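Participant: mmCIF, N, CA and C atoms, saved as start.cif, coming up:
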```
data_model
#
loop_
_atom_site.label_atom_id
_atom_site.label_comp_id
_atom_site.auth_asym_id
_atom_site.auth_seq_id
_atom_site.Cartn_x
_atom_site.Cartn_y
_atom_site.Cartn_z
N MET A 1 91.68 103.42 85.09
CA MET A 1 91.67 102.93 86.46
C MET A 1 92.87 102.02 86.68
N ARG A 2 93.58 102.23 87.78
CA ARG A 2 94.74 101.42 88.11
C ARG A 2 94.32 100.07 88.65
N LYS A 3 95.15 99.06 88.33
CA LYS A 3 94.92 97.73 88.88
C LYS A 3 95.30 97.73 90.36
N PRO A 4 94.59 96.94 91.17
CA PRO A 4 94.96 96.86 92.59
C PRO A 4 96.31 96.17 92.74
N PRO A 5 97.04 96.43 93.83
CA PRO A 5 98.32 95.78 94.05
C PRO A 5 98.16 94.26 94.10
N THR A 6 99.18 93.57 93.64
CA THR A 6 99.18 92.12 93.61
C THR A 6 100.11 91.59 94.69
N ASP A 7 99.62 90.66 95.52
CA ASP A 7 100.45 90.00 96.53
C ASP A 7 100.87 88.64 95.99
N VAL A 8 102.17 88.36 96.06
CA VAL A 8 102.71 87.12 95.51
C VAL A 8 103.69 86.49 96.49
N LEU A 9 103.88 85.19 96.39
CA LEU A 9 104.87 84.46 97.18
C LEU A 9 106.14 84.36 96.34
N LEU A 10 107.26 84.81 96.91
CA LEU A 10 108.53 84.84 96.18
C LEU A 10 109.64 84.17 96.97
N ASP A 11 110.58 83.57 96.26
CA ASP A 11 111.80 83.03 96.85
C ASP A 11 112.93 83.96 96.42
N VAL A 12 113.53 84.65 97.36
CA VAL A 12 114.57 85.63 97.07
C VAL A 12 115.89 84.90 96.81
N ALA A 13 116.50 85.18 95.66
CA ALA A 13 117.70 84.46 95.25
C ALA A 13 118.99 85.23 95.50
N SER A 14 118.93 86.57 95.44
CA SER A 14 120.16 87.36 95.56
C SER A 14 119.83 88.79 95.97
N LEU A 15 120.88 89.61 96.07
CA LEU A 15 120.73 91.03 96.35
C LEU A 15 121.18 91.83 95.14
N ASP A 16 120.54 92.98 94.90
CA ASP A 16 121.00 93.86 93.84
C ASP A 16 121.98 94.88 94.41
N HIS A 17 122.47 95.78 93.59
CA HIS A 17 123.47 96.76 94.03
C HIS A 17 122.91 97.79 95.02
N ASP A 18 121.59 97.88 95.14
CA ASP A 18 120.96 98.79 96.10
C ASP A 18 120.60 98.10 97.42
N GLY A 19 120.87 96.79 97.53
CA GLY A 19 120.56 96.05 98.75
C GLY A 19 119.16 95.47 98.79
N HIS A 20 118.43 95.51 97.67
CA HIS A 20 117.10 94.91 97.60
C HIS A 20 117.24 93.44 97.22
N GLY A 21 116.34 92.61 97.76
CA GLY A 21 116.30 91.22 97.36
C GLY A 21 115.84 91.11 95.92
N VAL A 22 116.29 90.07 95.22
CA VAL A 22 115.89 89.86 93.83
C VAL A 22 115.28 88.46 93.71
N ALA A 23 114.09 88.40 93.13
CA ALA A 23 113.38 87.14 92.92
C ALA A 23 112.85 87.11 91.50
N GLN A 24 112.25 86.00 91.12
CA GLN A 24 111.63 85.86 89.80
C GLN A 24 110.15 85.61 89.97
N TYR A 25 109.35 86.25 89.12
CA TYR A 25 107.90 86.05 89.10
C TYR A 25 107.43 86.14 87.66
N ASN A 26 106.81 85.07 87.16
CA ASN A 26 106.37 85.02 85.76
C ASN A 26 107.50 85.39 84.80
N ASN A 27 108.67 84.82 85.03
CA ASN A 27 109.86 85.04 84.20
C ASN A 27 110.30 86.49 84.15
N ARG A 28 110.01 87.24 85.20
CA ARG A 28 110.45 88.64 85.30
C ARG A 28 111.18 88.83 86.61
N SER A 29 112.13 89.73 86.61
CA SER A 29 112.88 90.06 87.80
C SER A 29 112.04 90.95 88.70
N VAL A 30 112.05 90.64 90.00
CA VAL A 30 111.30 91.41 90.98
C VAL A 30 112.26 91.86 92.08
N LYS A 31 112.33 93.16 92.32
CA LYS A 31 113.11 93.69 93.44
C LYS A 31 112.19 93.72 94.66
N VAL A 32 112.71 93.21 95.79
CA VAL A 32 111.92 93.14 97.02
C VAL A 32 112.63 93.94 98.11
N LYS A 33 112.01 95.04 98.54
CA LYS A 33 112.59 95.86 99.60
C LYS A 33 112.65 95.07 100.90
N ALA A 34 113.76 95.19 101.62
CA ALA A 34 113.96 94.59 102.94
C ALA A 34 113.90 93.07 102.94
N ALA A 35 114.29 92.43 101.85
CA ALA A 35 114.35 90.96 101.78
C ALA A 35 115.79 90.53 101.56
N LEU A 36 116.13 89.37 102.10
CA LEU A 36 117.48 88.82 101.99
C LEU A 36 117.48 87.53 101.19
N PRO A 37 118.62 87.17 100.58
CA PRO A 37 118.71 85.92 99.83
C PRO A 37 118.33 84.72 100.70
N GLY A 38 117.65 83.77 100.10
CA GLY A 38 117.24 82.55 100.81
C GLY A 38 115.92 82.67 101.53
N GLU A 39 115.31 83.84 101.54
CA GLU A 39 114.04 84.03 102.24
C GLU A 39 112.85 83.78 101.32
N ALA A 40 111.81 83.20 101.89
CA ALA A 40 110.53 83.07 101.21
C ALA A 40 109.65 84.19 101.78
N VAL A 41 109.14 85.05 100.90
CA VAL A 41 108.38 86.21 101.35
C VAL A 41 107.06 86.34 100.59
N THR A 42 106.08 86.90 101.26
CA THR A 42 104.88 87.35 100.59
C THR A 42 105.13 88.83 100.33
N ALA A 43 105.06 89.23 99.08
CA ALA A 43 105.38 90.60 98.71
C ALA A 43 104.24 91.22 97.93
N ARG A 44 104.14 92.53 98.05
CA ARG A 44 103.14 93.29 97.28
C ARG A 44 103.87 94.00 96.15
N ILE A 45 103.46 93.70 94.92
CA ILE A 45 104.04 94.35 93.76
C ILE A 45 103.48 95.76 93.68
N LEU A 46 104.38 96.74 93.72
CA LEU A 46 103.98 98.14 93.76
C LEU A 46 103.93 98.80 92.39
N ARG A 47 104.96 98.55 91.58
CA ARG A 47 105.00 99.17 90.26
C ARG A 47 106.04 98.51 89.37
N LYS A 48 106.01 98.90 88.11
CA LYS A 48 106.96 98.41 87.13
C LYS A 48 107.81 99.60 86.70
N ARG A 49 109.13 99.39 86.70
CA ARG A 49 110.04 100.45 86.28
C ARG A 49 111.19 99.84 85.50
N ARG A 50 111.42 100.34 84.31
CA ARG A 50 112.51 99.86 83.44
C ARG A 50 112.48 98.35 83.25
N GLY A 51 111.30 97.79 83.09
CA GLY A 51 111.15 96.37 82.84
C GLY A 51 111.21 95.48 84.06
N GLN A 52 111.45 96.06 85.25
CA GLN A 52 111.49 95.28 86.47
C GLN A 52 110.30 95.62 87.34
N LEU A 53 109.89 94.64 88.13
CA LEU A 53 108.82 94.86 89.09
C LEU A 53 109.42 95.25 90.42
N LEU A 54 108.84 96.24 91.07
CA LEU A 54 109.29 96.67 92.40
C LEU A 54 108.24 96.25 93.41
N SER A 55 108.68 95.70 94.54
CA SER A 55 107.74 95.22 95.54
C SER A 55 108.27 95.47 96.95
N GLU A 56 107.40 95.28 97.92
CA GLU A 56 107.79 95.36 99.32
C GLU A 56 107.38 94.07 100.01
N ALA A 57 108.21 93.61 100.93
CA ALA A 57 107.91 92.38 101.68
C ALA A 57 106.83 92.68 102.71
N LEU A 58 105.77 91.89 102.69
CA LEU A 58 104.69 92.01 103.67
C LEU A 58 104.89 91.05 104.81
N GLU A 59 105.35 89.85 104.47
CA GLU A 59 105.56 88.80 105.48
C GLU A 59 106.75 87.95 105.05
N ILE A 60 107.59 87.59 106.00
CA ILE A 60 108.74 86.72 105.73
C ILE A 60 108.45 85.39 106.38
N SER A 61 108.10 84.40 105.55
CA SER A 61 107.71 83.10 106.09
C SER A 61 108.91 82.22 106.42
N SER A 62 110.03 82.47 105.77
CA SER A 62 111.24 81.70 106.02
C SER A 62 112.42 82.68 106.05
N PRO A 63 112.76 83.24 107.23
CA PRO A 63 113.82 84.25 107.30
C PRO A 63 115.22 83.67 107.12
N ASN A 64 116.10 84.48 106.60
CA ASN A 64 117.51 84.16 106.47
C ASN A 64 118.12 84.13 107.87
N ALA A 65 119.06 83.22 108.11
CA ALA A 65 119.70 83.11 109.42
C ALA A 65 120.48 84.38 109.78
N SER A 66 120.86 85.19 108.81
CA SER A 66 121.60 86.43 109.04
C SER A 66 120.71 87.62 109.35
N ARG A 67 119.40 87.44 109.31
CA ARG A 67 118.48 88.55 109.57
C ARG A 67 118.57 88.96 111.03
N ARG A 68 118.57 90.27 111.25
CA ARG A 68 118.58 90.81 112.62
C ARG A 68 117.68 92.04 112.69
N ARG A 69 117.41 92.46 113.88
CA ARG A 69 116.60 93.67 114.08
C ARG A 69 117.49 94.88 113.75
N PRO A 70 117.04 95.76 112.84
CA PRO A 70 117.85 96.92 112.49
C PRO A 70 118.08 97.83 113.70
N PRO A 71 119.30 98.34 113.89
CA PRO A 71 119.58 99.20 115.04
C PRO A 71 118.95 100.60 114.92
N CYS A 72 118.61 101.03 113.72
CA CYS A 72 118.03 102.36 113.51
C CYS A 72 116.51 102.29 113.44
N VAL A 73 115.83 103.12 114.20
CA VAL A 73 114.36 103.12 114.21
C VAL A 73 113.78 103.65 112.90
N HIS A 74 114.58 104.30 112.08
CA HIS A 74 114.10 104.88 110.82
C HIS A 74 114.23 103.92 109.64
N PHE A 75 114.88 102.77 109.86
CA PHE A 75 115.01 101.78 108.79
C PHE A 75 113.67 101.10 108.57
N PRO A 76 113.22 100.85 107.35
CA PRO A 76 113.82 101.19 106.05
C PRO A 76 113.26 102.47 105.44
N ARG A 77 112.50 103.24 106.18
CA ARG A 77 111.84 104.42 105.61
C ARG A 77 112.78 105.45 105.03
N CYS A 78 113.89 105.76 105.69
CA CYS A 78 114.75 106.85 105.21
C CYS A 78 115.54 106.43 103.97
N GLY A 79 115.89 105.16 103.86
CA GLY A 79 116.61 104.67 102.68
C GLY A 79 118.11 104.89 102.72
N GLY A 80 118.64 105.42 103.79
CA GLY A 80 120.07 105.71 103.87
C GLY A 80 120.93 104.47 104.06
N CYS A 81 120.45 103.47 104.74
CA CYS A 81 121.22 102.27 105.04
C CYS A 81 120.41 101.05 104.62
N ALA A 82 120.73 100.50 103.47
CA ALA A 82 119.90 99.45 102.88
C ALA A 82 120.02 98.08 103.56
N LEU A 83 121.11 97.81 104.27
CA LEU A 83 121.33 96.46 104.78
C LEU A 83 121.41 96.38 106.29
N GLN A 84 120.76 97.24 107.01
CA GLN A 84 120.80 97.20 108.47
C GLN A 84 120.13 95.95 109.02
N HIS A 85 119.28 95.29 108.24
CA HIS A 85 118.58 94.10 108.70
C HIS A 85 119.40 92.82 108.49
N MET A 86 120.63 92.96 107.98
CA MET A 86 121.48 91.82 107.73
C MET A 86 122.66 91.87 108.70
N GLY A 87 122.86 90.79 109.44
CA GLY A 87 123.93 90.77 110.44
C GLY A 87 125.19 90.13 109.98
#
```
Could you render the structure as structure tokens?

Facilitator:
Amino acid sequence: MRKPPTDVLLDVASLDHDGHGVAQYNNRSVKVKAALPGEAVTARILRKRRGQLLSEALEISSPNASRRRPPCVHFPRCGGCALQHMG
């Protein structure tokens, strides 16, 4: 039986080469989809891959000043443009 998803509060410190936010949780690196550096987010941990945790942002409690509304209605589902939410 799979464990239920875990929701955690994270402080995003940087971006990775794919445009995902990077935070630390329990001394492990966590990639956060659609998060920007400097943001405090509540994220759901989805899975572990190659020693890293992958998550998605559920709520952004402290947004980055550079955050903007993405111009494409398909962001972030299609995955073609990783940083449309950054102005």

Participant: What do you get, as a ChimeraX atom specification, if you spell out every residue that the PyMOL selection byres ((chain A and resi 61) around 6) selects here?

Facilitator: /A:40-42,59-60,62-63

Participant: Write out the residues from the selection above, keeping N, CA and C atoms, as a JSON list (two decimals), in the coordinates of the input.

Facilitator:
```
[["chain", "number", "residue", "atom", "x", "y", "z"],
["A", 40, "ALA", "N", 111.81, 83.20, 101.89],
["A", 40, "ALA", "CA", 110.53, 83.07, 101.21],
["A", 40, "ALA", "C", 109.65, 84.19, 101.78],
["A", 41, "VAL", "N", 109.14, 85.05, 100.90],
["A", 41, "VAL", "CA", 108.38, 86.21, 101.35],
["A", 41, "VAL", "C", 107.06, 86.34, 100.59],
["A", 42, "THR", "N", 106.08, 86.90, 101.26],
["A", 42, "THR", "CA", 104.88, 87.35, 100.59],
["A", 42, "THR", "C", 105.13, 88.83, 100.33],
["A", 59, "GLU", "N", 105.35, 89.85, 104.47],
["A", 59, "GLU", "CA", 105.56, 88.80, 105.48],
["A", 59, "GLU", "C", 106.75, 87.95, 105.05],
["A", 60, "ILE", "N", 107.59, 87.59, 106.00],
["A", 60, "ILE", "CA", 108.74, 86.72, 105.73],
["A", 60, "ILE", "C", 108.45, 85.39, 106.38],
["A", 62, "SER", "N", 110.03, 82.47, 105.77],
["A", 62, "SER", "CA", 111.24, 81.70, 106.02],
["A", 62, "SER", "C", 112.42, 82.68, 106.05],
["A", 63, "PRO", "N", 112.76, 83.24, 107.23],
["A", 63, "PRO", "CA", 113.82, 84.25, 107.30],
["A", 63, "PRO", "C", 115.22, 83.67, 107.12]]
```

Participant: Would you work out the distance separating atom C of Gln84 of chain A from atom CA of Gly51 of chain A, expressed in Å to one decimal?

Facilitator: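 Going from atom C of Gln84 of chain A over to atom CA of Gly51 of chain A covers 27.7 Å.
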
Participant: Neighbouring residues of Ala23 of chain A were defined as those with any atom within 7 Å, considering only N, CA and C atoms; residues of the same chain fewer than 6 positions away were excluded. Please report them as a list of chain:residue names.

Facilitator: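 My reading of the contact set: A:Leu10, A:Asp11, A:Val12, A:Ala13, A:Ser14, A:Ser29, A:Val30, A:Lys31, A:Val32.
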
Participant: Excluding Gly87 of chain A and residues on its chain fewer than 5 positions from it, collect all residues at most 9 Å away from it, counting only C-alpha atoms, and give them as JSON, numbers by chain.

Facilitator: {"A": [65, 66, 67, 68, 69, 70]}

Participant: Choose the residue, out of A:Ala43, A:Leu58, A:Leu83, A:Val73, that has the smallest atom-to-atom separation from Asp7 of chain A; count all atoms listed in the file.

Facilitator: A:Ala43

Participant: Nearest to Glu39 of chain A among A:Leu9, A:Cys78, A:Asn64, A:His17, with distances taken over all atoms listed in the file: which residue is it?

Facilitator: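 Among A:Leu9, A:Cys78, A:Asn64, A:His17, it is A:Asn64 that comes nearest to Glu39 of chain A.
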
Participant: How many Å lie between atom CA of Leu54 of chain A and atom CA of Met86 of chain A, rounded to one decimal?

Facilitator: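 About the pair atom CA of Leu54 of chain A and atom CA of Met86 of chain A: they are 20.2 Å apart.
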
Participant: Give me, please, the distance in Å between atom CA of Ala57 of chain A and atom CA of Asn26 of chain A, quoted to one decimal.

Facilitator: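 It comes out at 17.6 Å.
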
Participant: DSSP on the backbone: what in chain A comes out strand (DSSP E), as number ranges by chain?

Facilitator: A: 6-11, 14-15, 21-25, 28-33, 40-49, 52-62

Participant: Given only C-alpha atoms as the basis, pick out the residue of A:Asp18, A:Arg28, A:Ala34, A:Ala82 nearest to Lys48 of chain A.

Facilitator: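 Smallest distance to Lys48 of chain A is found for A:Arg28.
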
Participant: Calculated over only C-alpha atoms, which of the candidates A:Leu36, A:Leu15, A:Glu56, A:Arg49 has the smallest distance to His85 of chain A?

Facilitator: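 Using only C-alpha atoms, His85 of chain A sits closest to A:Leu36.
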
Participant: Hey, which of A:Val8, A:Arg47, A:Cys72, A:Ala35 ends up closest to Val22 of chain A? Count all atoms listed in the file.

Facilitator: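 Closest candidate: A:Ala35.
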